[in-house]
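Next comes start31.cif, a file with mmCIF, C-alpha atoms and all ligand atoms.
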```cif
data_query
loop_
_atom_site.group_PDB
_atom_site.id
_atom_site.type_symbol
_atom_site.label_atom_id
_atom_site.label_comp_id
_atom_site.auth_asym_id
_atom_site.auth_seq_id
_atom_site.Cartn_x
_atom_site.Cartn_y
_atom_site.Cartn_z
ATOM 1 C CA MET A 29 -5.260 -5.044 13.332
ATOM 2 C CA LYS A 30 -3.323 -4.090 10.223
ATOM 3 C CA TYR A 31 -5.272 -6.229 7.769
ATOM 4 C CA PRO A 32 -8.849 -6.981 8.732
ATOM 5 C CA LEU A 33 -10.424 -10.386 8.577
ATOM 6 C CA THR A 34 -12.980 -9.394 5.952
ATOM 7 C CA LYS A 35 -15.976 -11.508 5.095
ATOM 8 C CA ASN A 36 -14.314 -12.502 1.809
ATOM 9 C CA ARG A 37 -11.135 -13.627 3.520
ATOM 10 C CA TRP A 38 -13.046 -15.601 6.121
ATOM 11 C CA THR A 39 -15.083 -17.278 3.369
ATOM 12 C CA ALA A 40 -11.842 -18.170 1.568
ATOM 13 C CA ILE A 41 -10.448 -19.737 4.768
ATOM 14 C CA ILE A 42 -13.594 -21.763 5.457
ATOM 15 C CA ASN A 43 -13.773 -23.020 1.862
ATOM 16 C CA ASN A 44 -10.021 -23.694 1.491
ATOM 17 C CA ASP A 45 -10.135 -21.409 -1.526
ATOM 18 C CA ALA A 46 -6.907 -21.983 -3.498
ATOM 19 C CA THR A 47 -7.651 -19.060 -5.839
ATOM 20 C CA LYS A 48 -6.899 -16.743 -2.884
ATOM 21 C CA ASP A 49 -3.487 -18.320 -2.181
ATOM 22 C CA GLY A 50 -0.789 -15.671 -2.390
ATOM 23 C CA THR A 51 -3.220 -12.796 -1.743
ATOM 24 C CA PHE A 52 -2.952 -13.260 2.028
ATOM 25 C CA TYR A 53 -1.925 -15.668 4.781
ATOM 26 C CA TYR A 54 -3.637 -16.306 8.080
ATOM 27 C CA GLY A 55 -2.214 -17.125 11.468
ATOM 28 C CA VAL A 56 -3.905 -18.520 14.553
ATOM 29 C CA LYS A 57 -2.959 -16.803 17.819
ATOM 30 C CA THR A 58 -3.405 -19.909 19.965
ATOM 31 C CA THR A 59 -1.082 -22.045 17.849
ATOM 32 C CA LYS A 60 1.280 -19.414 16.392
ATOM 33 C CA ILE A 61 1.041 -21.268 13.068
ATOM 34 C CA PHE A 62 0.236 -19.590 9.767
ATOM 35 C CA CYS A 63 -1.417 -21.043 6.666
ATOM 36 C CA LYS A 64 -2.449 -20.392 3.101
ATOM 37 C CA PRO A 65 -6.189 -19.808 2.557
ATOM 38 C CA SER A 66 -6.416 -23.219 0.862
ATOM 39 C CA CYS A 67 -5.104 -25.152 3.895
ATOM 40 C CA HIS A 68 -7.227 -28.172 4.773
ATOM 41 C CA SER A 69 -6.561 -27.907 8.493
ATOM 42 C CA LYS A 70 -9.474 -27.556 10.906
ATOM 43 C CA VAL A 71 -11.279 -24.190 10.633
ATOM 44 C CA PRO A 72 -9.894 -22.046 13.478
ATOM 45 C CA ASN A 73 -11.835 -19.964 15.971
ATOM 46 C CA LYS A 74 -12.498 -16.710 14.120
ATOM 47 C CA ASN A 75 -11.478 -14.580 17.125
ATOM 48 C CA ASN A 76 -7.981 -16.047 17.051
ATOM 49 C CA VAL A 77 -7.254 -15.367 13.372
ATOM 50 C CA LEU A 78 -4.717 -12.772 12.193
ATOM 51 C CA ILE A 79 -4.281 -11.793 8.554
ATOM 52 C CA PHE A 80 -0.862 -11.253 6.966
ATOM 53 C CA LYS A 81 -0.075 -9.896 3.531
ATOM 54 C CA THR A 82 3.328 -11.549 3.319
ATOM 55 C CA ILE A 83 5.170 -14.547 4.717
ATOM 56 C CA ASP A 84 7.763 -12.238 6.307
ATOM 57 C CA GLU A 85 5.112 -10.425 8.328
ATOM 58 C CA ALA A 86 3.985 -13.705 9.801
ATOM 59 C CA LEU A 87 7.541 -14.878 10.474
ATOM 60 C CA ASN A 88 8.518 -11.531 12.032
ATOM 61 C CA LEU A 89 5.651 -11.828 14.497
ATOM 62 C CA GLY A 90 6.896 -15.255 15.577
ATOM 63 C CA PHE A 91 4.439 -17.338 13.569
ATOM 64 C CA ARG A 92 5.690 -20.565 12.028
ATOM 65 C CA PRO A 93 4.688 -22.122 8.707
ATOM 66 C CA CYS A 94 2.072 -24.869 8.763
ATOM 67 C CA LYS A 95 3.369 -28.366 8.166
ATOM 68 C CA ARG A 96 0.377 -29.291 6.048
ATOM 69 C CA CYS A 97 -0.013 -26.410 3.547
ATOM 70 C CA GLN A 98 3.634 -25.264 3.592
ATOM 71 C CA PRO A 99 3.001 -21.531 3.003
ATOM 72 C CA THR A 100 6.697 -20.827 2.449
ATOM 73 C CA GLY A 101 6.801 -23.459 -0.298
ATOM 74 C CA LYS A 102 9.330 -25.486 1.669
ATOM 75 C CA ASN A 103 8.990 -28.735 3.499
ATOM 76 C CA LEU A 104 8.844 -28.088 7.222
ATOM 77 C CA PRO A 105 11.731 -29.922 8.933
ATOM 78 C CA ASN A 106 10.681 -32.121 11.842
ATOM 79 C CA SER A 107 12.754 -30.097 14.291
ATOM 80 C CA LEU A 108 10.777 -26.952 13.416
ATOM 81 C CA TRP A 109 7.478 -28.768 13.596
ATOM 82 C CA ILE A 110 8.348 -29.940 17.098
ATOM 83 C CA LYS A 111 9.267 -26.359 18.051
ATOM 84 C CA GLN A 112 5.793 -25.350 16.871
ATOM 85 C CA ILE A 113 4.226 -28.006 19.018
ATOM 86 C CA GLN A 114 6.306 -26.966 22.032
ATOM 87 C CA THR A 115 5.196 -23.347 21.544
ATOM 88 C CA TYR A 116 1.623 -24.529 21.228
ATOM 89 C CA LEU A 117 1.889 -26.578 24.429
ATOM 90 C CA ALA A 118 3.480 -23.653 26.293
ATOM 91 C CA LEU A 119 0.534 -21.465 25.284
ATOM 92 C CA ASN A 120 -2.168 -24.037 25.973
ATOM 93 C CA TYR A 121 -1.074 -26.378 28.779
ATOM 94 C CA GLN A 122 -3.665 -24.907 31.146
ATOM 95 C CA GLN A 123 -6.428 -26.142 28.826
ATOM 96 C CA PRO A 124 -7.659 -29.720 28.729
ATOM 97 C CA LEU A 125 -5.637 -31.215 25.869
ATOM 98 C CA THR A 126 -5.772 -34.606 24.203
ATOM 99 C CA LEU A 127 -3.300 -36.016 21.704
ATOM 100 C CA ILE A 128 -6.005 -35.727 19.046
ATOM 101 C CA LYS A 129 -6.519 -32.035 19.764
ATOM 102 C CA ILE A 130 -2.779 -31.324 19.841
ATOM 103 C CA ALA A 131 -2.274 -33.122 16.528
ATOM 104 C CA GLU A 132 -5.245 -31.387 14.937
ATOM 105 C CA ASP A 133 -4.236 -27.915 16.121
ATOM 106 C CA CYS A 134 -0.634 -28.485 15.032
ATOM 107 C CA HIS A 135 -1.702 -29.911 11.676
ATOM 108 C CA GLY A 136 -0.396 -33.454 11.846
ATOM 109 C CA SER A 137 -1.576 -36.960 12.655
ATOM 110 C CA VAL A 138 -1.487 -38.424 16.170
ATOM 111 C CA SER A 139 0.914 -41.206 15.192
ATOM 112 C CA ASN A 140 3.272 -38.789 13.480
ATOM 113 C CA LEU A 141 3.070 -36.441 16.449
ATOM 114 C CA GLN A 142 3.988 -39.171 18.941
ATOM 115 C CA ARG A 143 6.748 -40.676 16.848
ATOM 116 C CA THR A 144 8.378 -37.420 15.755
ATOM 117 C CA PHE A 145 8.123 -35.706 19.138
ATOM 118 C CA LYS A 146 9.827 -38.610 20.856
ATOM 119 C CA LYS A 147 12.500 -38.829 18.175
ATOM 120 C CA VAL A 148 13.379 -35.120 18.365
ATOM 121 C CA THR A 149 13.047 -34.482 22.122
ATOM 122 C CA GLY A 150 13.472 -37.921 23.692
ATOM 123 C CA GLN A 151 10.157 -37.394 25.512
ATOM 124 C CA SER A 152 6.600 -38.201 24.572
ATOM 125 C CA PRO A 153 4.300 -35.189 24.053
ATOM 126 C CA THR A 154 2.367 -36.265 27.148
ATOM 127 C CA GLU A 155 5.513 -36.323 29.292
ATOM 128 C CA TYR A 156 6.505 -32.906 27.982
ATOM 129 C CA LEU A 157 3.053 -31.521 28.729
ATOM 130 C CA THR A 158 3.065 -32.986 32.233
ATOM 131 C CA THR A 159 6.416 -31.331 32.945
ATOM 132 C CA LEU A 160 5.063 -27.929 31.852
ATOM 133 C CA ARG A 161 2.025 -28.386 34.055
ATOM 134 C CA LEU A 162 4.026 -29.498 37.082
ATOM 135 C CA GLN A 163 6.397 -26.548 36.696
ATOM 136 C CA HIS A 164 3.449 -24.175 36.568
ATOM 137 C CA SER A 165 1.961 -25.791 39.662
ATOM 138 C CA GLN A 166 5.262 -25.331 41.525
ATOM 139 C CA LYS A 167 5.109 -21.647 40.712
ATOM 140 C CA LEU A 168 1.556 -21.449 42.070
ATOM 141 C CA LEU A 169 2.534 -23.369 45.207
ATOM 142 C CA GLN A 170 5.280 -20.812 45.775
ATOM 143 C CA GLU A 171 3.437 -17.652 44.881
ATOM 144 C CA THR A 172 -0.189 -18.178 45.879
ATOM 145 C CA ASN A 173 -2.331 -19.506 48.703
ATOM 146 C CA TYR A 174 -4.607 -21.405 46.321
ATOM 147 C CA SER A 175 -5.827 -24.798 47.462
ATOM 148 C CA ILE A 176 -4.173 -27.864 45.944
ATOM 149 C CA LYS A 177 -7.342 -28.544 44.005
ATOM 150 C CA THR A 178 -7.363 -25.048 42.472
ATOM 151 C CA ILE A 179 -3.683 -25.350 41.627
ATOM 152 C CA ALA A 180 -4.262 -28.701 39.964
ATOM 153 C CA ILE A 181 -7.023 -27.290 37.781
ATOM 154 C CA ARG A 182 -5.214 -24.045 36.950
ATOM 155 C CA SER A 183 -2.210 -26.084 35.872
ATOM 156 C CA GLY A 184 -4.281 -28.144 33.452
ATOM 157 C CA PHE A 185 -4.804 -31.329 35.497
ATOM 158 C CA ASN A 186 -8.336 -32.628 35.523
ATOM 159 C CA SER A 187 -8.228 -33.944 39.083
ATOM 160 C CA ASP A 188 -6.228 -33.168 42.202
ATOM 161 C CA THR A 189 -5.796 -36.866 42.943
ATOM 162 C CA TYR A 190 -4.078 -37.380 39.612
ATOM 163 C CA TYR A 191 -2.049 -34.211 40.164
ATOM 164 C CA ASN A 192 -0.894 -35.405 43.598
ATOM 165 C CA THR A 193 0.185 -38.747 42.186
ATOM 166 C CA LEU A 194 2.162 -37.195 39.341
ATOM 167 C CA PHE A 195 3.753 -34.571 41.562
ATOM 168 C CA LYS A 196 4.911 -37.216 44.012
ATOM 169 C CA LYS A 197 6.272 -39.374 41.238
ATOM 170 C CA HIS A 198 8.295 -36.501 39.780
ATOM 171 C CA PHE A 199 9.533 -34.764 42.912
ATOM 172 C CA ASN A 200 9.366 -37.455 45.606
ATOM 173 C CA GLN A 201 7.176 -35.290 47.819
ATOM 174 C CA THR A 202 3.571 -34.150 47.893
ATOM 175 C CA PRO A 203 2.578 -30.659 46.728
ATOM 176 C CA GLN A 204 1.716 -29.827 50.361
ATOM 177 C CA ASP A 205 5.180 -30.814 51.550
ATOM 178 C CA TYR A 206 6.759 -28.885 48.711
ATOM 179 C CA ARG A 207 4.848 -25.782 49.778
ATOM 180 C CA ILE A 208 5.813 -26.186 53.429
ATOM 181 C CA GLY A 209 9.414 -26.782 52.419
ATOM 182 C CA ILE A 210 9.743 -23.500 50.534
ATOM 183 C CA GLN A 211 7.995 -21.499 53.262
ATOM 184 C CA SER A 212 10.195 -22.683 56.083
HETATM 185 ZN ZN ZN B 1 -1.876 -24.897 6.823
#
```

Show this structure as structure tokens.
Ligand SMILES: [Zn+2]
Amino acid sequence: MKYPLTKNRWTAIINNDATKDGTFYYGVKTTKIFCKPSCHSKVPNKNNVLIFKTIDEALNLGFRPCKRCQPTGKNLPNSLWIKQIQTYLALNYQQPLTLIKIAEDCHGSVSNLQRTFKKVTGQSPTEYLTTLRLQHSQKLLQETNYSIKTIAIRSGFNSDTYYNTLFKKHFNQTPQDYRIGIQS
């Protein structure tokens, strides 16, 4: 790592220390969002934190500015915030996610998340997430011999019954039939 997460920097992050603003920025690997030390967002998992000296470093590595603390000094347009959320979902769809967790990790409120996501993409965040999960499950059905239950869990569904129902609704066939169909 180019700039270490020193004890002082970590303390500044935990305490939302505004006196350290401008001396460094921090990004979170699991969200690809970067913040000022003073940001009031939830304290991230220490293992996922990267330190940047400049805004450009963060941007060049594909990190996006936080909606809440606005490290670039500019208001984050909704379209960019939604891109952030889509990146976050693409990185985390295999985890159990709730709307509260998504909103918290992407630094917004649940109501704003639902409203803005739908407005920008035409889909609800839950629909978008389900599509990502179903697509991943199709890949596993094609490329592995995993049981349907394992595929459901590895794709982020919490039960295979629920997974079967959603799969059928989206593709008009069961996962089993889909698998047979691509093998024959
Ligand atoms: Zn922030």

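Listed by chain and then residue number, the contacts of ligand ZN 1 (chain B) are Cys63, Lys64, Cys67, Ser69, Cys94, Arg96 and Cys97 of chain A (distance at most 6 Å, using all atoms listed in the file).
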
Item to complete: Name the residues that the PyMOL selection byres (((chain A and resi 77) around 10) and not hetatm) pulls out of this structure, and write them as an NGL selection string.
Response: :A and (32-33 or 38 or 54-58 or 60 or 62 or 72-76 or 78-80)

Find the residues of stretch 85-169 of chain A that sit at most 12 Å from stretch 199-205 of chain A; for each, write down the nearest two atoms and how far apart they are in Å, to one decimal. Count all atoms listed in the file. Sort by chain, then by number going up, and give it as CSV.
```
residue,atom,partner,partner_atom,distance
A:Thr159,CA,A:Phe199,CA,11.0
A:Leu162,CA,A:Phe199,CA,9.6
A:Gln163,CA,A:Phe199,CA,10.8
A:Ser165,CA,A:Pro203,CA,8.6
A:Gln166,CA,A:Pro203,CA,7.9
A:Lys167,CA,A:Pro203,CA,11.1
A:Leu168,CA,A:Pro203,CA,10.4
A:Leu169,CA,A:Pro203,CA,7.4
```

Worksheet item: Care to translate the PyMOL selection byres (((chain A and resi 108) around 12) and not hetatm) into actual residues of this file, as a list of chain:residue names?
Response: A:Ile61, A:Phe91, A:Arg92, A:Pro93, A:Cys94, A:Lys95, A:Lys102, A:Asn103, A:Leu104, A:Pro105, A:Asn106, A:Ser107, A:Trp109, A:Ile110, A:Lys111, A:Gln112, A:Ile113, A:Gln114, A:Thr115, A:Cys134, A:Thr144, A:Phe145, A:Val148, A:Thr149

Could you state which residues are captured by the PyMOL selection byres (((chain A and resi 66) around 10) and not hetatm) in this file, as a short mmCIF file (atom, residue, chain, number, x, y, z; two decimals) with C-alpha atoms, in the frame of the given file?
```
data_model
loop_
_atom_site.label_atom_id
_atom_site.label_comp_id
_atom_site.auth_asym_id
_atom_site.auth_seq_id
_atom_site.Cartn_x
_atom_site.Cartn_y
_atom_site.Cartn_z
CA ALA A 40 -11.84 -18.17 1.57
CA ILE A 41 -10.45 -19.74 4.77
CA ILE A 42 -13.59 -21.76 5.46
CA ASN A 43 -13.77 -23.02 1.86
CA ASN A 44 -10.02 -23.69 1.49
CA ASP A 45 -10.14 -21.41 -1.53
CA ALA A 46 -6.91 -21.98 -3.50
CA THR A 47 -7.65 -19.06 -5.84
CA LYS A 48 -6.90 -16.74 -2.88
CA ASP A 49 -3.49 -18.32 -2.18
CA GLY A 50 -0.79 -15.67 -2.39
CA TYR A 53 -1.92 -15.67 4.78
CA CYS A 63 -1.42 -21.04 6.67
CA LYS A 64 -2.45 -20.39 3.10
CA PRO A 65 -6.19 -19.81 2.56
CA CYS A 67 -5.10 -25.15 3.90
CA HIS A 68 -7.23 -28.17 4.77
CA SER A 69 -6.56 -27.91 8.49
CA CYS A 97 -0.01 -26.41 3.55
CA PRO A 99 3.00 -21.53 3.00
#
```

Response to the item:
Between atom CA of A:Gly150 and atom CA of A:Lys70 lies a distance of 28.2 Å

Fill in: Selected residue of minimal separation from A:Leu127 among A:Lys30, A:Gly101, A:Thr154, A:Ala86, counting all atoms listed in the file
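Among the listed residues, A:Thr154 lies closest to A:Leu127.
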
Worksheet, complete the sentence: One decimal place gives the atom CA of A:Leu117-atom CA of A:Thr39 separation as 28.6 Å

Practice prompt. May I ask for the distance between atom CA of A:Gln122 and atom CA of A:Lys177, given in Å to one decimal place?
Written response: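 Atom-to-atom, atom CA of A:Gln122 to atom CA of A:Lys177, that is 13.9 Å.
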
Fill in: Residue nearest A:Asp133 - candidates A:Gln98, A:Lys35, A:Asn120, A:Thr158, atoms counted: only C-alpha atoms
A:Asn120

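Closest approach to A:Phe52 from the set A:Asn36, A:Gln211, A:Ser152, A:Asn186 is made by A:Asn36, with distances taken over all atoms listed in the file.
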
For stretch 139-156 of chain A, what centre and edge lengths in Å (one decimal) does the axis-aligned box get once 3 Å is added on each side of all its listed atoms, as JSON?
```
{"center_x": 7.2, "center_y": -37.1, "center_z": 21.4, "size_x": 18.6, "size_y": 14.3, "size_z": 21.8}
```

Worksheet item: Pick the closest to A:Asn192 from A:Ile176, A:Leu160, A:Val71, A:Ile128: which is it, counting all atoms listed in the file?
Response: A:Ile176

Fill in: Selected residue, from A:Ile210, A:Ala118, A:Leu194, A:Leu141, that lies nearest to A:Ala180 when counting only C-alpha atoms
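The answer is A:Leu194, which sits nearest to A:Ala180.
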
Missing atoms in stretch 44-63 of chain A should be modelled up to N, CA, C and O atoms and reported as a PDB file, in the coordinates of the input.
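Output below, filename out.pdb:
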```pdb
ATOM      1  N   ASN A  44     -11.346 -23.282   1.986  1.00  0.00           N
ATOM      2  CA  ASN A  44     -10.021 -23.694   1.491  1.00  0.00           C
ATOM      3  C   ASN A  44      -9.809 -23.237   0.042  1.00  0.00           C
ATOM      4  O   ASN A  44      -9.395 -24.007  -0.819  1.00  0.00           O
ATOM      5  N   ASP A  45     -10.099 -21.954  -0.170  1.00  0.00           N
ATOM      6  CA  ASP A  45     -10.135 -21.409  -1.526  1.00  0.00           C
ATOM      7  C   ASP A  45      -8.725 -21.165  -2.086  1.00  0.00           C
ATOM      8  O   ASP A  45      -8.071 -20.171  -1.747  1.00  0.00           O
ATOM      9  N   ALA A  46      -8.273 -22.067  -2.950  1.00  0.00           N
ATOM     10  CA  ALA A  46      -6.907 -21.983  -3.498  1.00  0.00           C
ATOM     11  C   ALA A  46      -6.722 -20.778  -4.415  1.00  0.00           C
ATOM     12  O   ALA A  46      -5.589 -20.342  -4.633  1.00  0.00           O
ATOM     13  N   THR A  47      -7.809 -20.228  -4.947  1.00  0.00           N
ATOM     14  CA  THR A  47      -7.651 -19.060  -5.839  1.00  0.00           C
ATOM     15  C   THR A  47      -7.187 -17.834  -5.040  1.00  0.00           C
ATOM     16  O   THR A  47      -6.708 -16.868  -5.618  1.00  0.00           O
ATOM     17  N   LYS A  48      -7.327 -17.892  -3.709  1.00  0.00           N
ATOM     18  CA  LYS A  48      -6.899 -16.743  -2.884  1.00  0.00           C
ATOM     19  C   LYS A  48      -5.471 -16.926  -2.364  1.00  0.00           C
ATOM     20  O   LYS A  48      -4.925 -16.028  -1.714  1.00  0.00           O
ATOM     21  N   ASP A  49      -4.861 -18.091  -2.632  1.00  0.00           N
ATOM     22  CA  ASP A  49      -3.487 -18.320  -2.181  1.00  0.00           C
ATOM     23  C   ASP A  49      -2.577 -17.237  -2.763  1.00  0.00           C
ATOM     24  O   ASP A  49      -2.686 -16.909  -3.950  1.00  0.00           O
ATOM     25  N   GLY A  50      -1.704 -16.712  -1.928  1.00  0.00           N
ATOM     26  CA  GLY A  50      -0.789 -15.671  -2.390  1.00  0.00           C
ATOM     27  C   GLY A  50      -1.335 -14.268  -2.151  1.00  0.00           C
ATOM     28  O   GLY A  50      -0.585 -13.306  -2.099  1.00  0.00           O
ATOM     29  N   THR A  51      -2.660 -14.135  -1.984  1.00  0.00           N
ATOM     30  CA  THR A  51      -3.220 -12.796  -1.743  1.00  0.00           C
ATOM     31  C   THR A  51      -3.151 -12.444  -0.252  1.00  0.00           C
ATOM     32  O   THR A  51      -3.110 -11.292   0.118  1.00  0.00           O
ATOM     33  N   PHE A  52      -3.148 -13.484   0.596  1.00  0.00           N
ATOM     34  CA  PHE A  52      -2.952 -13.260   2.028  1.00  0.00           C
ATOM     35  C   PHE A  52      -2.613 -14.589   2.700  1.00  0.00           C
ATOM     36  O   PHE A  52      -2.736 -15.665   2.095  1.00  0.00           O
ATOM     37  N   TYR A  53      -2.171 -14.491   3.943  1.00  0.00           N
ATOM     38  CA  TYR A  53      -1.925 -15.668   4.781  1.00  0.00           C
ATOM     39  C   TYR A  53      -2.685 -15.453   6.075  1.00  0.00           C
ATOM     40  O   TYR A  53      -2.986 -14.308   6.421  1.00  0.00           O
ATOM     41  N   TYR A  54      -2.987 -16.517   6.777  1.00  0.00           N
ATOM     42  CA  TYR A  54      -3.637 -16.306   8.080  1.00  0.00           C
ATOM     43  C   TYR A  54      -2.941 -17.106   9.167  1.00  0.00           C
ATOM     44  O   TYR A  54      -2.501 -18.235   8.949  1.00  0.00           O
ATOM     45  N   GLY A  55      -2.824 -16.463  10.318  1.00  0.00           N
ATOM     46  CA  GLY A  55      -2.214 -17.125  11.468  1.00  0.00           C
ATOM     47  C   GLY A  55      -3.254 -17.315  12.555  1.00  0.00           C
ATOM     48  O   GLY A  55      -4.262 -16.609  12.585  1.00  0.00           O
ATOM     49  N   VAL A  56      -2.996 -18.278  13.438  1.00  0.00           N
ATOM     50  CA  VAL A  56      -3.905 -18.520  14.553  1.00  0.00           C
ATOM     51  C   VAL A  56      -3.145 -18.237  15.845  1.00  0.00           C
ATOM     52  O   VAL A  56      -2.092 -18.828  16.094  1.00  0.00           O
ATOM     53  N   LYS A  57      -3.675 -17.279  16.619  1.00  0.00           N
ATOM     54  CA  LYS A  57      -2.959 -16.803  17.819  1.00  0.00           C
ATOM     55  C   LYS A  57      -2.665 -17.921  18.816  1.00  0.00           C
ATOM     56  O   LYS A  57      -1.639 -17.914  19.464  1.00  0.00           O
ATOM     57  N   THR A  58      -3.575 -18.873  18.947  1.00  0.00           N
ATOM     58  CA  THR A  58      -3.405 -19.909  19.965  1.00  0.00           C
ATOM     59  C   THR A  58      -2.393 -20.975  19.564  1.00  0.00           C
ATOM     60  O   THR A  58      -1.959 -21.761  20.400  1.00  0.00           O
ATOM     61  N   THR A  59      -2.049 -21.042  18.277  1.00  0.00           N
ATOM     62  CA  THR A  59      -1.082 -22.045  17.849  1.00  0.00           C
ATOM     63  C   THR A  59       0.204 -21.411  17.332  1.00  0.00           C
ATOM     64  O   THR A  59       1.224 -22.081  17.235  1.00  0.00           O
ATOM     65  N   LYS A  60       0.134 -20.115  16.975  1.00  0.00           N
ATOM     66  CA  LYS A  60       1.280 -19.414  16.392  1.00  0.00           C
ATOM     67  C   LYS A  60       1.728 -20.079  15.079  1.00  0.00           C
ATOM     68  O   LYS A  60       2.908 -20.112  14.751  1.00  0.00           O
ATOM     69  N   ILE A  61       0.765 -20.648  14.361  1.00  0.00           N
ATOM     70  CA  ILE A  61       1.041 -21.268  13.068  1.00  0.00           C
ATOM     71  C   ILE A  61       0.319 -20.450  12.002  1.00  0.00           C
ATOM     72  O   ILE A  61      -0.790 -19.967  12.242  1.00  0.00           O
ATOM     73  N   PHE A  62       0.955 -20.281  10.831  1.00  0.00           N
ATOM     74  CA  PHE A  62       0.236 -19.590   9.767  1.00  0.00           C
ATOM     75  C   PHE A  62       0.093 -20.477   8.529  1.00  0.00           C
ATOM     76  O   PHE A  62       0.895 -21.370   8.283  1.00  0.00           O
ATOM     77  N   CYS A  63      -0.974 -20.197   7.774  1.00  0.00           N
ATOM     78  CA  CYS A  63      -1.417 -21.043   6.666  1.00  0.00           C
ATOM     79  C   CYS A  63      -1.757 -20.228   5.428  1.00  0.00           C
ATOM     80  O   CYS A  63      -1.965 -19.029   5.495  1.00  0.00           O
TER      81      CYS A  63
END
```
